Amino acid sequence: MLKALVTGGAGLIGSHIVDLLLRRGYGVRILDNLEPATHFEGRPGWIPAEAEFIQGDVRSTDDVRRALRGVDVVFHQAAYGGFALELTKMTEVNAAGTARLFEVIRTDGLDIKKIVVASSQAVYGEGKYECAECGPCYPEPRPLEQMERRDWEVHCPRCQAPLKPIPIDEATPVKLIGTYHLTKYFEERLTLALRREWGIPAVALRYMLTYGPRQSVFNPYTGICSIFSTRLLNGLPPVIYEDGRQTRDFVFVEDVARANVAVMESDAANGRVFNVGTGRPTTILQFAELLRAAYGAKVTPSVPGQYRPMDFRHLTADISPLRSIGWEPEVSVETGVQRYAEWILSMKRPAEYFTKAEEALKRARVVRQAGKDDKRD
Ligand SMILES: NC(=O)c1ccc[n+]([C@@H]2O[C@H](COP(=O)([O-])OP(=O)(O)OC[C@H]3O[C@@H](n4cnc5c(N)ncnc54)[C@H](O)[C@@H]3O)[C@@H](O)[C@H]2O)c1
Ligand SMILES: [Zn+2]
């Protein structure tokens with residue numbers, strides 16, 4: 001029986017990897033510090049008794065050493081991120097935490113057979129587009145003065161024409177435009193570099209926007225599905241940035257868990273980076289409407305013209321490489337939202353933390369209010 005370590009195994013993606021591994025007969029150990037921003041009410045009930053749980057921190061060498069002892073394979077999911085304001089902590093957990101895993105593996109001479117590391121769509125920056133005149137391009141993030149004018153679409157860097165988004169393939173050049181983006185890229189590069197240096201098979205997965213049951217309902221900085229849901233369930237409208245027509249590739253958490261196990265069990269995946277998504281774009285307005293309908297809520301979303309500087313406009317994954325190793329996304333966004341809604345409705349009504357966090361984000365200018373919309377006045 002292979003013994004797997006899942007760091008961050010109490011969280012959204014990690015916990016579904018844990019369940020899947022147990023079903024497949026792996027022995028499972030979890031290392032998770034139960035980050036209070038994510039697990040405000042402490043240890044979640046979904047950590048299975050069959051898994052060994054270590055409450056510990058990837059920032060502690062002792063905890064990491066304890067977690068790695070006797071382990072064959074590692075799924076490294078622990079991270080701190082999103083739009084949180086603590087950049088130092090993000091760097092220490094994500095970048096240094098990953099370095100620490102390898103440091104312990106090397107200093108202790110551990111026989112780790114394979115590592116899968118969680119990277120992110122965030123590495124792509126604004127992504128990949130096509131201009132009818134000039135062809136494919138990789139634009140910079142939209143300038144602030146453009147967003148202030150509520151001109152939300154991305155323009156061709158050469159001729160300024162509006163661009164058509166095209167699916168992101170893994171060869172798209174990365175654009176590292178913030179701390180979280182940098183730390184995720186550091187994680188994937190370090191993992192693949194050490195694979196070459198030490199010969200440990202390794203794979204990096206770039207998850208698109210992942211949602212599903214167990215997404216924290218406490219952390220107001222990550223997780224649009226929970227942020228919108230807790231607003232709706234408290235009779236408040238979801239606050240939608242830009243005009244709501246920006247698109248994301250929403251991938252259901254169980255599909256992401258299956259992708260982890262698929263690359264772990266495929267030698268053909270070794271040394272490679274894969275997108276994990278559905279290949280299908282959904283606008284934020286459509287996603288909000290699916291949630292509203294699932295709860296039978298009466299409120300309509302608020303679209304006040306706020307935006308996050310450096311946010312990307314459209315991102316959808318090309319998933320053909322992951323398909324080629326035998327993985328397929330199975331859960332549509334309609335079904336996934338339904339599954340999430342059933343989960344959240346089965347709990348006591350969650351409080352709503354977004355409104356307070358939004359004030360902090362506005363003070364820190366992570367979220368901004370665009371100027372007056374001339375077209376509406
Ligand atoms: N959810 C998404 O849309 C998404 C997209 C791209 C990448 N990712 C990546 O996927 C991974 C899992 O994310 P998730 O969505 O499941 O988030 P999550 O917050 O639900 O889970 C992360 C888990 O890591 C734990 N953790 C945080 N800091 C830790 C530390 N210092 N030591 C040990 N454990 C710690 C948390 O307690 C939590 O249980 C992360 O690496 C994240 O960067 C997520
Ligand atoms: Zn052009």
# chains A, B, ... in the order shown; residues from 1 in each chain; ligands from 1
>>> closest_atom_pairs(of="chain A", to="ligand 2", cutoff="10 Å", atoms="only C-alpha atoms and all ligand atoms", output="Markdown table")
| residue | atom | partner | partner_atom_place_in_ligand_line | distance |
| --- | --- | --- | --- | --- |
| A:Glu130 | CA | ligand 2 | 1 (Zn) | 8.0 |
| A:Cys131 | CA | ligand 2 | 1 (Zn) | 4.7 |
| A:Ala132 | CA | ligand 2 | 1 (Zn) | 6.6 |
| A:Glu133 | CA | ligand 2 | 1 (Zn) | 5.0 |
| A:Cys134 | CA | ligand 2 | 1 (Zn) | 4.2 |
| A:Gly135 | CA | ligand 2 | 1 (Zn) | 6.9 |
| A:Pro136 | CA | ligand 2 | 1 (Zn) | 8.8 |
| A:Cys137 | CA | ligand 2 | 1 (Zn) | 8.5 |
| A:His155 | CA | ligand 2 | 1 (Zn) | 7.8 |
| A:Cys156 | CA | ligand 2 | 1 (Zn) | 4.6 |
| A:Pro157 | CA | ligand 2 | 1 (Zn) | 6.6 |
| A:Arg158 | CA | ligand 2 | 1 (Zn) | 5.0 |
| A:Cys159 | CA | ligand 2 | 1 (Zn) | 4.1 |
| A:Gln160 | CA | ligand 2 | 1 (Zn) | 6.0 |
| A:Ala161 | CA | ligand 2 | 1 (Zn) | 5.5 |
| A:Pro162 | CA | ligand 2 | 1 (Zn) | 8.0 |
| A:Leu163 | CA | ligand 2 | 1 (Zn) | 7.7 |
>>> residues_around(residues="A:Lys113", least_positions_apart="5", cutoff="12 Å", atoms="only C-alpha atoms", output="PyMOL selection string")
chain A and resi 2-5+68+70-75+105+195+198-203+264-265+267+270
>>> residues_around(residues="A:Leu232", least_positions_apart="5", cutoff="7 Å", atoms="only C-alpha atoms", output="ChimeraX atom specification")
/A:237-238,292,297
>>> write_last_selection(atoms="N, CA and C atoms", output="short mmCIF file (atom, residue, chain, number, x, y, z; two decimals), in the first residue's frame")
data_model
loop_
_atom_site.label_atom_id
_atom_site.label_comp_id
_atom_site.auth_asym_id
_atom_site.auth_seq_id
_atom_site.Cartn_x
_atom_site.Cartn_y
_atom_site.Cartn_z
N PRO A 237 -27.25 41.01 -2.04
CA PRO A 237 -26.85 40.73 -3.43
C PRO A 237 -25.36 40.44 -3.53
N PRO A 238 -24.97 39.47 -4.37
CA PRO A 238 -23.54 39.31 -4.65
C PRO A 238 -23.01 40.59 -5.29
N ARG A 292 -28.02 31.91 -7.62
CA ARG A 292 -29.29 32.54 -7.21
C ARG A 292 -30.45 31.57 -7.43
N ALA A 297 -33.26 32.53 -4.54
CA ALA A 297 -33.13 33.87 -3.94
C ALA A 297 -33.80 34.91 -4.83
#
>>> residues_near_ligand(ligand="ligand 1", cutoff="6 Å", atoms="only C-alpha atoms and all ligand atoms", output="mmCIF file with N, CA and C atoms, in the first residue's frame")
data_model
loop_
_atom_site.group_PDB
_atom_site.id
_atom_site.type_symbol
_atom_site.label_atom_id
_atom_site.label_comp_id
_atom_site.auth_asym_id
_atom_site.auth_seq_id
_atom_site.Cartn_x
_atom_site.Cartn_y
_atom_site.Cartn_z
ATOM 1 N N GLY A 8 -2.236 20.477 3.299
ATOM 2 C CA GLY A 8 -3.482 21.223 3.061
ATOM 3 C C GLY A 8 -4.666 20.287 2.897
ATOM 4 N N GLY A 9 -4.562 19.089 3.461
ATOM 5 C CA GLY A 9 -5.573 18.042 3.250
ATOM 6 C C GLY A 9 -6.894 18.273 3.973
ATOM 7 N N ALA A 10 -6.980 19.352 4.769
ATOM 8 C CA ALA A 10 -8.269 19.697 5.381
ATOM 9 C C ALA A 10 -9.047 20.677 4.515
ATOM 10 N N GLY A 11 -8.406 21.209 3.479
ATOM 11 C CA GLY A 11 -9.007 22.270 2.672
ATOM 12 C C GLY A 11 -9.882 21.746 1.544
ATOM 13 N N LEU A 12 -10.292 22.661 0.700
ATOM 14 C CA LEU A 12 -11.223 22.323 -0.385
ATOM 15 C C LEU A 12 -10.670 21.191 -1.255
ATOM 16 N N ILE A 13 -9.569 21.442 -1.932
ATOM 17 C CA ILE A 13 -9.065 20.463 -2.895
ATOM 18 C C ILE A 13 -8.404 19.289 -2.169
ATOM 19 N N GLY A 14 -7.580 19.613 -1.164
ATOM 20 C CA GLY A 14 -6.866 18.560 -0.428
ATOM 21 C C GLY A 14 -7.810 17.521 0.156
ATOM 22 N N LEU A 31 -1.178 16.870 6.475
ATOM 23 C CA LEU A 31 -0.523 17.937 7.241
ATOM 24 C C LEU A 31 -1.274 19.222 6.936
ATOM 25 N N ASP A 32 -1.875 19.788 7.968
ATOM 26 C CA ASP A 32 -2.669 21.005 7.756
ATOM 27 C C ASP A 32 -2.653 21.782 9.071
ATOM 28 N N ASN A 33 -2.410 23.078 8.985
ATOM 29 C CA ASN A 33 -2.364 23.877 10.226
ATOM 30 C C ASN A 33 -3.734 24.419 10.620
ATOM 31 N N LEU A 34 -4.778 24.026 9.861
ATOM 32 C CA LEU A 34 -6.129 24.555 10.085
ATOM 33 C C LEU A 34 -6.083 26.085 10.164
ATOM 34 N N GLU A 35 -5.535 26.653 9.115
ATOM 35 C CA GLU A 35 -5.422 28.105 8.984
ATOM 36 C C GLU A 35 -6.736 28.775 9.424
ATOM 37 N N THR A 38 -9.352 30.162 7.045
ATOM 38 C CA THR A 38 -10.099 29.168 6.267
ATOM 39 C C THR A 38 -11.003 28.326 7.169
ATOM 40 N N GLY A 56 -0.242 20.706 11.745
ATOM 41 C CA GLY A 56 1.104 21.264 11.703
ATOM 42 C C GLY A 56 1.232 22.183 10.523
ATOM 43 N N ASP A 57 2.400 22.827 10.455
ATOM 44 C CA ASP A 57 2.561 23.965 9.551
ATOM 45 C C ASP A 57 3.726 23.716 8.591
ATOM 46 N N VAL A 58 3.519 24.014 7.331
ATOM 47 C CA VAL A 58 4.627 23.857 6.366
ATOM 48 C C VAL A 58 5.741 24.878 6.625
ATOM 49 N N ARG A 59 5.496 25.821 7.536
ATOM 50 C CA ARG A 59 6.564 26.756 7.915
ATOM 51 C C ARG A 59 7.419 26.196 9.049
ATOM 52 N N GLN A 77 -0.695 20.681 -1.384
ATOM 53 C CA GLN A 77 -1.814 21.600 -1.614
ATOM 54 C C GLN A 77 -1.811 22.792 -0.659
ATOM 55 N N ALA A 78 -1.097 22.682 0.452
ATOM 56 C CA ALA A 78 -1.168 23.757 1.453
ATOM 57 C C ALA A 78 -0.704 25.068 0.845
ATOM 58 N N ALA A 79 -1.484 26.104 1.045
ATOM 59 C CA ALA A 79 -1.092 27.415 0.547
ATOM 60 C C ALA A 79 -1.957 28.471 1.202
ATOM 61 N N TYR A 80 -1.469 29.671 1.144
ATOM 62 C CA TYR A 80 -2.202 30.815 1.677
ATOM 63 C C TYR A 80 -2.262 31.825 0.561
ATOM 64 N N VAL A 93 4.481 30.804 3.464
ATOM 65 C CA VAL A 93 3.736 29.537 3.389
ATOM 66 C C VAL A 93 3.969 28.879 2.021
ATOM 67 N N ALA A 118 0.466 21.895 -6.385
ATOM 68 C CA ALA A 118 -0.673 22.718 -6.829
ATOM 69 C C ALA A 118 -0.181 24.075 -7.288
ATOM 70 N N SER A 119 -0.223 24.301 -8.588
ATOM 71 C CA SER A 119 0.036 25.640 -9.105
ATOM 72 C C SER A 119 -1.317 26.263 -9.466
ATOM 73 N N SER A 120 -1.316 27.304 -10.262
ATOM 74 C CA SER A 120 -2.556 28.051 -10.455
ATOM 75 C C SER A 120 -2.627 28.727 -11.814
ATOM 76 N N GLN A 121 -3.852 28.943 -12.256
ATOM 77 C CA GLN A 121 -4.117 29.783 -13.422
ATOM 78 C C GLN A 121 -3.497 31.176 -13.257
ATOM 79 N N TYR A 207 -4.395 24.731 -11.581
ATOM 80 C CA TYR A 207 -5.853 24.674 -11.434
ATOM 81 C C TYR A 207 -6.475 25.963 -11.939
ATOM 82 N N MET A 208 -7.577 25.819 -12.654
ATOM 83 C CA MET A 208 -8.428 26.959 -12.965
ATOM 84 C C MET A 208 -9.304 27.214 -11.726
ATOM 85 N N LEU A 209 -10.363 27.986 -11.867
ATOM 86 C CA LEU A 209 -11.133 28.385 -10.680
ATOM 87 C C LEU A 209 -11.894 27.172 -10.111
ATOM 88 N N THR A 210 -11.440 26.713 -8.981
ATOM 89 C CA THR A 210 -11.981 25.479 -8.400
ATOM 90 C C THR A 210 -13.019 25.820 -7.336
ATOM 91 N N GLN A 215 -15.673 24.308 0.239
ATOM 92 C CA GLN A 215 -14.968 25.572 0.081
ATOM 93 C C GLN A 215 -15.266 26.409 1.321
ATOM 94 N N SER A 216 -14.237 26.979 1.905
ATOM 95 C CA SER A 216 -14.414 27.722 3.156
ATOM 96 C C SER A 216 -15.523 28.763 3.023
#
>>> residues_around(residues="A:Arg280", least_positions_apart="5", cutoff="9 Å", atoms="only C-alpha atoms", output="VMD selection string")
chain A and resid 167 248 to 250 316 to 317
>>> select_by_dssp(residues="stretch 96-260 of chain A", states="strand (DSSP E or B)", output="ChimeraX atom specification")
/A:114-120,129-131,135-137,155,162,164-165,168,202-207,209-211,239,247-248,250-252
>>> write_last_selection(atoms="C-alpha atoms", output="tab-separated table (two decimals), in the first residue's frame")
chain	number	residue	atom	x	y	z
A	114	LYS	CA	6.60	11.24	-6.65
A	115	ILE	CA	5.33	14.74	-5.92
A	116	VAL	CA	2.33	16.56	-7.35
A	117	VAL	CA	2.27	20.27	-6.62
A	118	ALA	CA	-0.67	22.72	-6.83
A	119	SER	CA	0.04	25.64	-9.10
A	120	SER	CA	-2.56	28.05	-10.46
A	129	TYR	CA	-6.08	36.40	-27.01
A	130	GLU	CA	-6.45	36.75	-30.74
A	131	CYS	CA	-6.70	39.90	-32.83
A	135	GLY	CA	-3.09	37.24	-34.76
A	136	PRO	CA	-2.45	35.69	-31.32
A	137	CYS	CA	-1.09	37.88	-28.53
A	155	HIS	CA	-7.41	45.55	-26.51
A	162	PRO	CA	-10.96	44.44	-29.10
A	164	LYS	CA	-11.10	37.51	-28.62
A	165	PRO	CA	-9.93	35.27	-25.74
A	168	ILE	CA	-4.73	28.93	-22.51
A	202	ALA	CA	7.15	15.43	-10.18
A	203	VAL	CA	4.12	17.08	-11.80
A	204	ALA	CA	2.70	20.60	-11.47
A	205	LEU	CA	-1.03	21.23	-11.93
A	206	ARG	CA	-2.33	24.66	-12.82
A	207	TYR	CA	-5.85	24.67	-11.43
A	209	LEU	CA	-11.13	28.38	-10.68
A	210	THR	CA	-11.98	25.48	-8.40
A	211	TYR	CA	-15.23	25.34	-6.43
A	239	VAL	CA	-21.18	42.17	-5.51
A	247	THR	CA	-15.17	34.74	-17.88
A	248	ARG	CA	-13.61	32.04	-15.77
A	250	PHE	CA	-15.03	26.91	-13.22
A	251	VAL	CA	-13.83	23.40	-12.44
A	252	PHE	CA	-15.54	21.16	-9.89
